[in-house]
$ cat data27.cif   # mmCIF, C-alpha atoms
data_protein
loop_
_atom_site.group_PDB
_atom_site.id
_atom_site.type_symbol
_atom_site.label_atom_id
_atom_site.label_comp_id
_atom_site.auth_asym_id
_atom_site.auth_seq_id
_atom_site.Cartn_x
_atom_site.Cartn_y
_atom_site.Cartn_z
ATOM 1 C CA MET A 1168 0.000 0.000 0.000
ATOM 2 C CA ARG A 1169 2.867 2.378 0.779
ATOM 3 C CA LYS A 1170 4.378 1.709 -2.643
ATOM 4 C CA GLU A 1171 1.007 2.339 -4.259
ATOM 5 C CA ARG A 1172 0.609 5.682 -2.469
ATOM 6 C CA GLU A 1173 4.105 6.706 -3.587
ATOM 7 C CA THR A 1174 3.154 5.860 -7.170
ATOM 8 C CA ARG A 1175 -0.001 7.961 -6.861
ATOM 9 C CA GLN A 1176 2.112 10.972 -5.951
ATOM 10 C CA GLU A 1177 3.484 10.915 -9.495
ATOM 11 C CA ARG A 1178 0.057 11.518 -11.061
ATOM 12 C CA PHE A 1179 -2.578 14.235 -10.825
ATOM 13 C CA ARG A 1180 -5.536 12.625 -9.064
ATOM 14 C CA ILE A 1181 -9.105 13.837 -9.465
ATOM 15 C CA LEU A 1182 -12.102 12.619 -7.471
ATOM 16 C CA VAL A 1183 -15.313 13.243 -9.435
ATOM 17 C CA CYS A 1184 -18.487 12.855 -7.357
ATOM 18 C CA VAL A 1185 -21.584 12.028 -9.419
ATOM 19 C CA ASN A 1186 -25.216 12.010 -8.369
ATOM 20 C CA GLY A 1187 -27.001 11.778 -11.715
ATOM 21 C CA THR A 1188 -27.170 15.540 -12.369
ATOM 22 C CA ASP A 1189 -25.893 16.992 -15.641
ATOM 23 C CA ALA A 1190 -23.583 19.334 -13.702
ATOM 24 C CA SER A 1191 -21.752 16.427 -12.072
ATOM 25 C CA TYR A 1192 -21.000 14.993 -15.521
ATOM 26 C CA GLU A 1193 -19.738 18.370 -16.696
ATOM 27 C CA GLY A 1194 -17.186 17.950 -13.929
ATOM 28 C CA LEU A 1195 -16.240 14.580 -15.406
ATOM 29 C CA LYS A 1196 -15.719 16.158 -18.835
ATOM 30 C CA LEU A 1197 -13.383 18.719 -17.290
ATOM 31 C CA ALA A 1198 -11.510 15.935 -15.488
ATOM 32 C CA ALA A 1199 -11.051 14.129 -18.806
ATOM 33 C CA GLU A 1200 -9.671 17.309 -20.362
ATOM 34 C CA ILE A 1201 -7.200 17.674 -17.503
ATOM 35 C CA GLY A 1202 -6.297 13.997 -17.829
ATOM 36 C CA GLN A 1203 -5.259 14.443 -21.459
ATOM 37 C CA THR A 1204 -2.437 16.765 -20.395
ATOM 38 C CA GLY A 1205 -0.326 14.241 -18.459
ATOM 39 C CA PRO A 1206 -0.252 11.326 -15.974
ATOM 40 C CA CYS A 1207 -3.641 11.325 -14.252
ATOM 41 C CA ASP A 1208 -6.056 9.236 -12.190
ATOM 42 C CA ILE A 1209 -9.780 9.934 -12.536
ATOM 43 C CA VAL A 1210 -11.864 8.365 -9.785
ATOM 44 C CA LEU A 1211 -15.584 8.456 -10.484
ATOM 45 C CA LEU A 1212 -17.451 8.103 -7.182
ATOM 46 C CA TYR A 1213 -21.036 7.451 -6.222
ATOM 47 C CA VAL A 1214 -21.801 7.231 -2.502
ATOM 48 C CA ARG A 1215 -24.861 5.345 -1.340
ATOM 49 C CA ARG A 1216 -25.999 5.372 2.247
ATOM 50 C CA VAL A 1217 -25.971 2.104 4.145
ATOM 51 C CA ASP A 1218 -28.951 0.006 2.982
ATOM 52 C CA GLN A 1219 -30.161 2.857 0.738
ATOM 53 C CA GLY A 1220 -32.601 1.435 -1.766
ATOM 54 C CA LEU A 1221 -31.100 -2.048 -1.567
ATOM 55 C CA ASN A 1222 -34.068 -4.349 -1.964
ATOM 56 C CA SER A 1223 -32.241 -7.194 -3.670
ATOM 57 C CA GLY A 1224 -31.470 -10.491 -2.008
ATOM 58 C CA GLY A 1225 -28.044 -11.822 -1.156
ATOM 59 C CA LEU A 1226 -27.829 -13.889 -4.351
ATOM 60 C CA GLN A 1227 -28.469 -10.869 -6.568
ATOM 61 C CA VAL A 1228 -25.850 -8.834 -4.680
ATOM 62 C CA ARG A 1229 -23.258 -11.554 -5.251
ATOM 63 C CA VAL A 1230 -24.121 -11.574 -8.945
ATOM 64 C CA ALA A 1231 -23.732 -7.803 -9.016
ATOM 65 C CA ARG A 1232 -20.252 -8.061 -7.508
ATOM 66 C CA GLN A 1233 -19.219 -10.656 -10.050
ATOM 67 C CA ASN A 1234 -20.616 -8.762 -13.015
ATOM 68 C CA MET A 1235 -19.883 -5.098 -12.324
ATOM 69 C CA LEU A 1236 -17.856 -5.013 -15.512
ATOM 70 C CA ASP A 1237 -21.004 -5.824 -17.451
ATOM 71 C CA TRP A 1238 -23.158 -3.412 -15.419
ATOM 72 C CA GLY A 1239 -26.059 -5.763 -15.880
ATOM 73 C CA LEU A 1240 -28.015 -4.862 -12.740
ATOM 74 C CA GLU A 1241 -29.664 -1.567 -11.835
ATOM 75 C CA LEU A 1242 -28.486 -1.439 -8.240
ATOM 76 C CA PRO A 1243 -28.280 2.028 -6.623
ATOM 77 C CA GLY A 1244 -25.589 4.180 -8.216
ATOM 78 C CA ILE A 1245 -24.488 1.708 -10.891
ATOM 79 C CA GLN A 1246 -26.480 3.497 -13.598
ATOM 80 C CA TYR A 1247 -24.782 6.790 -12.695
ATOM 81 C CA LEU A 1248 -21.328 5.245 -12.925
ATOM 82 C CA ARG A 1249 -22.263 3.563 -16.175
ATOM 83 C CA ARG A 1250 -23.265 6.908 -17.652
ATOM 84 C CA GLY A 1251 -19.902 8.337 -16.620
ATOM 85 C CA LEU A 1252 -18.107 5.440 -18.276
ATOM 86 C CA ASP A 1253 -20.068 6.019 -21.477
ATOM 87 C CA ILE A 1254 -19.172 9.723 -21.455
ATOM 88 C CA LEU A 1255 -15.462 8.937 -21.147
ATOM 89 C CA GLY A 1256 -15.837 6.567 -24.095
ATOM 90 C CA GLU A 1257 -17.638 9.178 -26.192
ATOM 91 C CA LEU A 1258 -14.875 11.674 -25.446
ATOM 92 C CA GLY A 1259 -12.283 9.195 -26.689
ATOM 93 C CA TYR A 1260 -10.573 9.169 -23.305
ATOM 94 C CA LEU A 1261 -11.333 5.496 -22.612
ATOM 95 C CA THR A 1262 -10.531 3.041 -25.403
ATOM 96 C CA LYS A 1263 -10.652 -0.721 -25.834
ATOM 97 C CA GLU A 1264 -6.940 -0.961 -25.075
ATOM 98 C CA TRP A 1265 -7.473 -0.077 -21.412
ATOM 99 C CA ARG A 1266 -7.241 -3.103 -19.090
ATOM 100 C CA SER A 1267 -9.871 -3.540 -16.351
ATOM 101 C CA LYS A 1268 -10.058 -5.211 -12.947
ATOM 102 C CA ALA A 1269 -12.937 -5.400 -10.449
ATOM 103 C CA SER A 1270 -12.672 -5.655 -6.664
ATOM 104 C CA HIS A 1271 -14.909 -5.668 -3.591
ATOM 105 C CA THR A 1272 -14.547 -4.663 0.063
ATOM 106 C CA ASP A 1273 -16.975 -5.871 2.727
ATOM 107 C CA ILE A 1274 -18.721 -3.214 4.807
ATOM 108 C CA PHE A 1275 -20.102 -4.395 8.150
ATOM 109 C CA GLY A 1276 -23.889 -4.391 8.220
ATOM 110 C CA ASP A 1277 -24.392 -3.820 4.489
ATOM 111 C CA PRO A 1278 -24.696 -6.642 1.939
ATOM 112 C CA LEU A 1279 -23.371 -4.674 -1.051
ATOM 113 C CA GLY A 1280 -20.259 -3.094 0.510
ATOM 114 C CA ASP A 1281 -17.749 -1.112 -1.561
ATOM 115 C CA ASN A 1282 -17.192 -2.079 -5.184
ATOM 116 C CA LYS A 1283 -14.883 -0.691 -7.826
ATOM 117 C CA VAL A 1284 -13.721 -1.298 -11.356
ATOM 118 C CA GLU A 1285 -10.282 -0.013 -12.291
ATOM 119 C CA TYR A 1286 -9.200 0.685 -15.862
ATOM 120 C CA ARG A 1287 -5.515 1.193 -16.678
ATOM 121 C CA SER A 1288 -3.713 2.591 -19.677
ATOM 122 C CA GLY A 1289 -0.077 1.704 -19.078
ATOM 123 C CA ARG A 1290 1.333 3.132 -15.851
ATOM 124 C CA LYS A 1291 0.390 6.766 -16.368
ATOM 125 C CA LYS A 1292 -3.408 6.848 -16.495
ATOM 126 C CA ARG A 1293 -6.195 5.200 -14.549
ATOM 127 C CA ILE A 1294 -9.973 5.422 -14.409
ATOM 128 C CA ILE A 1295 -11.618 4.029 -11.300
ATOM 129 C CA LEU A 1296 -15.371 3.635 -10.933
ATOM 130 C CA LYS A 1297 -16.242 3.416 -7.244
ATOM 131 C CA LEU A 1298 -19.583 2.491 -5.693
ATOM 132 C CA LYS A 1299 -19.025 3.339 -2.029
ATOM 133 C CA THR A 1300 -21.193 2.666 1.009
ATOM 134 C CA ALA A 1301 -21.155 5.164 3.888
ATOM 135 C CA PRO A 1302 -23.431 6.584 6.627
ATOM 136 C CA SER A 1303 -23.738 9.846 4.630
ATOM 137 C CA VAL A 1304 -22.667 11.139 1.234
ATOM 138 C CA SER A 1305 -20.286 13.739 2.692
ATOM 139 C CA SER A 1306 -18.581 11.218 4.984
ATOM 140 C CA GLY A 1307 -18.195 8.839 2.044
ATOM 141 C CA ILE A 1308 -16.496 11.509 -0.068
ATOM 142 C CA LEU A 1309 -14.173 12.556 2.749
ATOM 143 C CA ASP A 1310 -13.361 8.921 3.557
ATOM 144 C CA GLN A 1311 -12.510 8.366 -0.090
ATOM 145 C CA TYR A 1312 -10.009 11.216 0.084
ATOM 146 C CA GLU A 1313 -8.209 9.389 2.882
ATOM 147 C CA LEU A 1314 -7.805 6.428 0.537
ATOM 148 C CA GLY A 1315 -6.317 8.789 -2.073
ATOM 149 C CA PRO A 1316 -4.850 11.270 -1.689
ATOM 150 C CA TYR A 1317 -6.287 13.600 -4.348
ATOM 151 C CA ASN A 1318 -5.297 16.924 -5.874
ATOM 152 C CA LEU A 1319 -8.846 17.975 -6.746
ATOM 153 C CA ILE A 1320 -12.394 17.005 -5.778
ATOM 154 C CA ILE A 1321 -15.147 17.903 -8.266
ATOM 155 C CA THR A 1322 -18.782 17.945 -7.152
ATOM 156 C CA GLY A 1323 -22.083 19.019 -8.611
ATOM 157 C CA PRO A 1324 -23.855 22.153 -7.356
ATOM 158 C CA PRO A 1325 -25.057 22.309 -3.744
ATOM 159 C CA LYS A 1326 -28.795 21.908 -3.278
ATOM 160 C CA ARG A 1327 -28.532 24.573 -0.605
ATOM 161 C CA TRP A 1328 -25.816 26.634 1.048
ATOM 162 C CA ARG A 1329 -26.614 27.374 4.660
ATOM 163 C CA GLY A 1330 -25.643 30.486 6.592
ATOM 164 C CA GLU A 1331 -22.969 30.518 9.274
ATOM 165 C CA PHE A 1332 -25.109 29.278 12.196
ATOM 166 C CA LYS A 1333 -27.142 26.704 10.265
ATOM 167 C CA SER A 1334 -24.024 25.433 8.489
ATOM 168 C CA PHE A 1335 -22.571 24.518 11.879
ATOM 169 C CA LEU A 1336 -25.683 22.519 12.790
ATOM 170 C CA GLU A 1337 -26.462 20.965 9.405
ATOM 171 C CA PRO A 1338 -24.195 21.811 6.459
ATOM 172 C CA SER A 1339 -25.144 20.584 3.009
ATOM 173 C CA THR A 1340 -23.085 17.773 1.491
ATOM 174 C CA VAL A 1341 -21.092 20.026 -0.852
ATOM 175 C CA GLN A 1342 -20.654 22.647 1.861
ATOM 176 C CA LYS A 1343 -19.265 20.108 4.325
ATOM 177 C CA VAL A 1344 -16.886 18.646 1.743
ATOM 178 C CA ALA A 1345 -15.664 22.136 0.788
ATOM 179 C CA MET A 1346 -15.096 23.024 4.433
ATOM 180 C CA LEU A 1347 -13.313 19.860 5.519
ATOM 181 C CA SER A 1348 -11.519 18.578 2.432
ATOM 182 C CA PRO A 1349 -7.694 18.786 2.634
ATOM 183 C CA CYS A 1350 -7.467 19.425 -1.125
ATOM 184 C CA SER A 1351 -9.001 21.851 -3.625
ATOM 185 C CA VAL A 1352 -12.741 21.537 -4.299
ATOM 186 C CA LEU A 1353 -14.541 22.555 -7.496
ATOM 187 C CA THR A 1354 -18.333 22.899 -7.564
ATOM 188 C CA MET A 1355 -19.685 22.642 -11.115
ATOM 189 C CA ARG A 1356 -22.866 24.576 -11.794
ATOM 190 C CA ASN A 1357 -22.809 24.909 -15.569
ATOM 191 C CA ALA A 1358 -21.377 23.485 -18.762
ATOM 192 C CA PHE A 1359 -17.662 24.117 -19.079
ATOM 193 C CA ASP A 1360 -17.521 26.663 -21.918
ATOM 194 C CA SER A 1361 -14.144 26.303 -23.625
ATOM 195 C CA LYS A 1362 -14.372 29.881 -24.909
ATOM 196 C CA LYS A 1363 -14.605 31.349 -21.423
ATOM 197 C CA GLY A 1364 -11.618 31.626 -19.136
ATOM 198 C CA PHE A 1365 -10.678 31.477 -15.477
ATOM 199 C CA LEU A 1366 -11.317 34.353 -13.073
ATOM 200 C CA ILE A 1367 -8.791 34.132 -10.234
ATOM 201 C CA ALA A 1368 -9.463 36.272 -7.178
ATOM 202 C CA THR A 1369 -6.592 37.379 -4.937
ATOM 203 C CA ASP A 1370 -6.039 39.725 -2.014
ATOM 204 C CA GLY A 1371 -2.246 39.588 -2.183
ATOM 205 C CA LYS A 1372 -1.768 37.470 0.940
ATOM 206 C CA PRO A 1373 0.866 34.724 0.691
ATOM 207 C CA HIS A 1374 -1.618 31.832 0.609
ATOM 208 C CA CYS A 1375 -3.623 33.666 -2.079
ATOM 209 C CA VAL A 1376 -0.516 34.096 -4.218
ATOM 210 C CA VAL A 1377 0.243 30.371 -3.970
ATOM 211 C CA SER A 1378 -3.361 29.505 -4.887
ATOM 212 C CA MET A 1379 -3.270 31.963 -7.789
ATOM 213 C CA LYS A 1380 -0.191 30.275 -9.223
ATOM 214 C CA GLN A 1381 -1.694 26.793 -8.885
ATOM 215 C CA ALA A 1382 -4.918 27.836 -10.611
ATOM 216 C CA ALA A 1383 -3.048 29.737 -13.319
ATOM 217 C CA VAL A 1384 -0.948 26.662 -14.124
ATOM 218 C CA LEU A 1385 -4.132 24.599 -14.535
ATOM 219 C CA ALA A 1386 -5.795 27.224 -16.741
ATOM 220 C CA HIS A 1387 -2.636 27.650 -18.813
ATOM 221 C CA THR A 1388 -2.289 23.887 -19.261
ATOM 222 C CA LEU A 1389 -5.877 23.749 -20.534
ATOM 223 C CA GLY A 1390 -5.244 26.692 -22.847
ATOM 224 C CA ARG A 1391 -7.822 28.902 -21.118
ATOM 225 C CA PRO A 1392 -7.485 32.699 -20.835
ATOM 226 C CA ILE A 1393 -6.803 34.004 -17.332
ATOM 227 C CA THR A 1394 -8.066 37.115 -15.565
ATOM 228 C CA ILE A 1395 -6.665 38.048 -12.148
ATOM 229 C CA THR A 1396 -9.030 40.168 -10.058
ATOM 230 C CA SER A 1397 -8.668 42.015 -6.769
ATOM 231 C CA THR A 1398 -11.078 44.331 -4.958
ATOM 232 C CA ALA A 1399 -10.398 47.578 -3.098
ATOM 233 C CA LEU A 1400 -12.781 48.417 -0.285
ATOM 234 C CA ASP A 1401 -12.849 52.081 -1.370
ATOM 235 C CA GLU A 1402 -11.591 54.241 -4.224
ATOM 236 C CA ASP A 1403 -8.542 55.450 -2.284
ATOM 237 C CA LEU A 1404 -7.206 51.875 -2.228
ATOM 238 C CA ARG A 1405 -7.564 51.282 -5.963
ATOM 239 C CA PRO A 1406 -3.886 52.212 -6.718
ATOM 240 C CA MET A 1407 -2.738 49.610 -4.201
ATOM 241 C CA VAL A 1408 -4.925 46.977 -5.827
ATOM 242 C CA LYS A 1409 -3.602 47.849 -9.287
ATOM 243 C CA SER A 1410 -0.057 47.526 -7.988
ATOM 244 C CA ARG A 1411 -0.938 44.134 -6.499
ATOM 245 C CA LEU A 1412 -2.336 42.942 -9.833
ATOM 246 C CA THR A 1413 0.713 44.173 -11.743
ATOM 247 C CA ALA A 1414 2.957 42.217 -9.394
ATOM 248 C CA ALA A 1415 0.797 39.118 -9.827
ATOM 249 C CA ARG A 1416 0.955 39.394 -13.592
ATOM 250 C CA LYS A 1417 4.749 39.678 -13.479
ATOM 251 C CA GLU A 1418 4.996 36.586 -11.271
ATOM 252 C CA LEU A 1419 2.967 34.557 -13.736
ATOM 253 C CA ALA A 1420 4.964 35.903 -16.677
ATOM 254 C CA ALA A 1421 8.121 34.668 -14.954
ATOM 255 C CA MET A 1422 6.506 31.218 -14.960
ATOM 256 C CA GLY A 1423 5.843 31.436 -18.705
ATOM 257 C CA ILE A 1424 2.144 32.254 -18.301
ATOM 258 C CA THR A 1425 1.419 35.333 -20.387
ATOM 259 C CA ASN A 1426 -2.256 35.071 -21.432
ATOM 260 C CA VAL A 1427 -3.252 37.094 -18.361
ATOM 261 C CA LYS A 1428 -5.555 40.083 -17.942
ATOM 262 C CA THR A 1429 -6.207 42.017 -14.735
ATOM 263 C CA LEU A 1430 -9.405 43.430 -13.266
ATOM 264 C CA ALA A 1431 -9.307 45.976 -10.430
ATOM 265 C CA ARG A 1432 -12.646 46.460 -8.671
ATOM 266 C CA VAL A 1433 -13.948 48.645 -5.845
ATOM 267 C CA GLY A 1434 -16.598 47.501 -3.368
ATOM 268 C CA ASP A 1435 -17.427 44.448 -1.343
ATOM 269 C CA PRO A 1436 -15.111 41.571 -2.420
ATOM 270 C CA HIS A 1437 -17.854 38.992 -2.124
ATOM 271 C CA GLU A 1438 -20.342 40.955 -4.241
ATOM 272 C CA THR A 1439 -17.886 42.005 -6.944
ATOM 273 C CA VAL A 1440 -16.499 38.497 -7.468
ATOM 274 C CA VAL A 1441 -19.969 36.897 -7.557
ATOM 275 C CA GLU A 1442 -21.076 39.435 -10.176
ATOM 276 C CA ASP A 1443 -17.940 39.134 -12.319
ATOM 277 C CA ALA A 1444 -18.055 35.334 -12.098
ATOM 278 C CA LYS A 1445 -21.035 35.255 -14.470
ATOM 279 C CA ARG A 1446 -18.712 36.018 -17.397
ATOM 280 C CA PHE A 1447 -16.247 33.201 -16.745
ATOM 281 C CA ALA A 1448 -16.211 29.409 -16.953
ATOM 282 C CA ILE A 1449 -14.589 28.940 -13.549
ATOM 283 C CA THR A 1450 -13.982 31.361 -10.701
ATOM 284 C CA VAL A 1451 -11.072 30.578 -8.412
ATOM 285 C CA VAL A 1452 -10.959 31.607 -4.759
ATOM 286 C CA ALA A 1453 -8.196 30.900 -2.280
ATOM 287 C CA ASP A 1454 -8.734 28.961 0.893
ATOM 288 C CA SER A 1455 -8.773 31.208 3.962
ATOM 289 C CA GLY A 1456 -5.705 29.506 5.442
ATOM 290 C CA LYS A 1457 -7.700 28.636 8.566
ATOM 291 C CA SER A 1458 -7.665 25.210 10.133
ATOM 292 C CA ARG A 1459 -10.466 22.874 9.075
ATOM 293 C CA PHE A 1460 -12.147 23.371 12.462
ATOM 294 C CA LYS A 1461 -12.108 27.171 12.117
ATOM 295 C CA ARG A 1462 -13.356 26.946 8.526
ATOM 296 C CA PHE A 1463 -16.242 24.807 9.750
ATOM 297 C CA LEU A 1464 -17.105 27.216 12.574
ATOM 298 C CA ARG A 1465 -16.550 30.609 10.948
ATOM 299 C CA GLY A 1466 -16.615 30.148 7.205
ATOM 300 C CA SER A 1467 -14.900 32.749 4.987
ATOM 301 C CA VAL A 1468 -15.372 35.037 2.000
ATOM 302 C CA ALA A 1469 -14.233 32.158 -0.209
ATOM 303 C CA PHE A 1470 -17.028 29.921 1.051
ATOM 304 C CA ASP A 1471 -19.586 32.712 0.714
ATOM 305 C CA ILE A 1472 -18.590 33.062 -2.939
ATOM 306 C CA MET A 1473 -18.860 29.301 -3.438
ATOM 307 C CA GLY A 1474 -22.359 29.386 -1.995
ATOM 308 C CA ASN A 1475 -23.714 32.445 -3.793
ATOM 309 C CA ALA A 1476 -22.100 32.295 -7.232
ATOM 310 C CA THR A 1477 -24.295 31.094 -10.083
ATOM 311 C CA THR A 1478 -21.361 29.593 -12.007
ATOM 312 C CA SER A 1479 -18.623 27.077 -11.204
ATOM 313 C CA VAL A 1480 -16.244 27.948 -8.342
ATOM 314 C CA MET A 1481 -12.980 26.282 -7.314
ATOM 315 C CA ASN A 1482 -11.647 26.737 -3.794
ATOM 316 C CA VAL A 1483 -7.892 26.157 -4.004
ATOM 317 C CA ARG A 1484 -5.810 24.905 -1.114
#

$ encode --input "data27.cif" --output "structure tokens"
Amino acid sequence: MRKERETRQERFRILVCVNGTDASYEGLKLAAEIGQTGPCDIVLLYVRRVDQGLNSGGLQVRVARQNMLDWGLELPGIQYLRRGLDILGELGYLTKEWRSKASHTDIFGDPLGDNKVEYRSGRKKRIILKLKTAPSVSSGILDQYELGPYNLIITGPPKRWRGEFKSFLEPSTVQKVAMLSPCSVLTMRNAFDSKKGFLIATDGKPHCVVSMKQAAVLAHTLGRPITITSTALDEDLRPMVKSRLTAARKELAAMGITNVKTLARVGDPHETVVEDAKRFAITVVADSGKSRFKRFLRGSVAFDIMGNATTSVMNVR
């Protein structure tokens, strides 16, 4: 297992969470585009709650385990994973040359357990379809990260995004994953328009600069235009913001990333970014730098943007 984890460090690993919505499959399409650029693992995950909708007998479950490659049974989640597999085939990402292997892990108290099918193309690319059993969807996603690790988690849009107090008592699945995940989280809300670029928000703090560079590398690798934005609280601070953006542009140019525009705004950072986000494919915000516990308790501007934006948002950490 240690050797396997060391091998995983050599590839970019993406966990794509599907729930049957079109937005979750848009995330899969983006993952496939990223995967074309170099060594990559794409893990397609569906989490079912313990005993959720499982009305089949023990014999049928055993048959399902033995025939997951054929996807012959409509057990919970299998149809969603099958659709993802078909999409990867239509995109030309998965071909007949890929080798496959199925495996099963028993879960106490649940007859279906965890099941996966792994497809390999040489040593550099893998596709893993995972049907995971967990007490809740969010715990299943976070547990899957621990089996990773991953560089990026992609989810569909949140059904709701609760305020600070309610989020402490009962956060939505996407909200909890975004708060507690150790890696970057992207919430897909719309089709990934290849003609639109990345909007990367920064306030000049060290962790924001690091996040900006990471996001810019991804956008540049995908051939997407980049706009760096920063917001001044009042007009007197606009020159400082412009200076910050100029410095950011120079840093990216030193990395060989030159397709960069800047956007200096004045007002409330949350409101300006949410409004500007409508014109871009993906908006990037930097993690607050707080511990996971503090993020869960207090939230941040980044999480407010994730909750209120009407387009896709990636929280980089």

$ closest_residue --input "data27.cif" --among "A:Arg1405, A:Arg1432, A:Arg1293, A:Lys1417" --to "Arg1175 (chain A)" --atoms "only C-alpha atoms"
A:Arg1293

$ closest_residue --input "data27.cif" --among "A:Met1481, A:Ala1421, A:Ala1415, A:Val1376" --to "Leu1319 (chain A)" --atoms "only C-alpha atoms"
A:Met1481

$ atom_distance --input "data27.cif" --atom1 "CA of Gly1289 (chain A)" --atom2 "CA of Ile1209 (chain A)"
14.3 Å

$ atom_distance --input "data27.cif" --atom1 "CA of Thr1396 (chain A)" --atom2 "CA of Val1433 (chain A)"
10.7 Å

$ closest_residue --input "data27.cif" --among "A:Gly1187, A:Gly1423, A:Pro1349, A:Pro1373" --to "Gln1246 (chain A)" --atoms "all atoms listed in the file"
A:Gly1187

$ residues_near_point --input "data27.cif" --point "(-10.6, 45.3, -5.4)" --cutoff "12 Å" --atoms "all atoms listed in the file" --output "VMD selection string"
chain A and resid 1368 to 1371 1395 to 1412 1429 to 1440 1443

$ write_last_selection --input "data27.cif" --atoms "C-alpha atoms" --output "PDB file, in the coordinates of the input"
ATOM      1  CA  ALA A1368      -9.463  36.272  -7.178  1.00  0.00           C
ATOM      2  CA  THR A1369      -6.592  37.379  -4.937  1.00  0.00           C
ATOM      3  CA  ASP A1370      -6.039  39.725  -2.014  1.00  0.00           C
ATOM      4  CA  GLY A1371      -2.246  39.588  -2.183  1.00  0.00           C
ATOM      5  CA  ILE A1395      -6.665  38.048 -12.148  1.00  0.00           C
ATOM      6  CA  THR A1396      -9.030  40.168 -10.058  1.00  0.00           C
ATOM      7  CA  SER A1397      -8.668  42.015  -6.769  1.00  0.00           C
ATOM      8  CA  THR A1398     -11.078  44.331  -4.958  1.00  0.00           C
ATOM      9  CA  ALA A1399     -10.398  47.578  -3.098  1.00  0.00           C
ATOM     10  CA  LEU A1400     -12.781  48.417  -0.285  1.00  0.00           C
ATOM     11  CA  ASP A1401     -12.849  52.081  -1.370  1.00  0.00           C
ATOM     12  CA  GLU A1402     -11.591  54.241  -4.224  1.00  0.00           C
ATOM     13  CA  ASP A1403      -8.542  55.450  -2.284  1.00  0.00           C
ATOM     14  CA  LEU A1404      -7.206  51.875  -2.228  1.00  0.00           C
ATOM     15  CA  ARG A1405      -7.564  51.282  -5.963  1.00  0.00           C
ATOM     16  CA  PRO A1406      -3.886  52.212  -6.718  1.00  0.00           C
ATOM     17  CA  MET A1407      -2.738  49.610  -4.201  1.00  0.00           C
ATOM     18  CA  VAL A1408      -4.925  46.977  -5.827  1.00  0.00           C
ATOM     19  CA  LYS A1409      -3.602  47.849  -9.287  1.00  0.00           C
ATOM     20  CA  SER A1410      -0.057  47.526  -7.988  1.00  0.00           C
ATOM     21  CA  ARG A1411      -0.938  44.134  -6.499  1.00  0.00           C
ATOM     22  CA  LEU A1412      -2.336  42.942  -9.833  1.00  0.00           C
ATOM     23  CA  THR A1429      -6.207  42.017 -14.735  1.00  0.00           C
ATOM     24  CA  LEU A1430      -9.405  43.430 -13.266  1.00  0.00           C
ATOM     25  CA  ALA A1431      -9.307  45.976 -10.430  1.00  0.00           C
ATOM     26  CA  ARG A1432     -12.646  46.460  -8.671  1.00  0.00           C
ATOM     27  CA  VAL A1433     -13.948  48.645  -5.845  1.00  0.00           C
ATOM     28  CA  GLY A1434     -16.598  47.501  -3.368  1.00  0.00           C
ATOM     29  CA  ASP A1435     -17.427  44.448  -1.343  1.00  0.00           C
ATOM     30  CA  PRO A1436     -15.111  41.571  -2.420  1.00  0.00           C
ATOM     31  CA  HIS A1437     -17.854  38.992  -2.124  1.00  0.00           C
ATOM     32  CA  GLU A1438     -20.342  40.955  -4.241  1.00  0.00           C
ATOM     33  CA  THR A1439     -17.886  42.005  -6.944  1.00  0.00           C
ATOM     34  CA  VAL A1440     -16.499  38.497  -7.468  1.00  0.00           C
ATOM     35  CA  ASP A1443     -17.940  39.134 -12.319  1.00  0.00           C
TER      36      ASP A1443
END
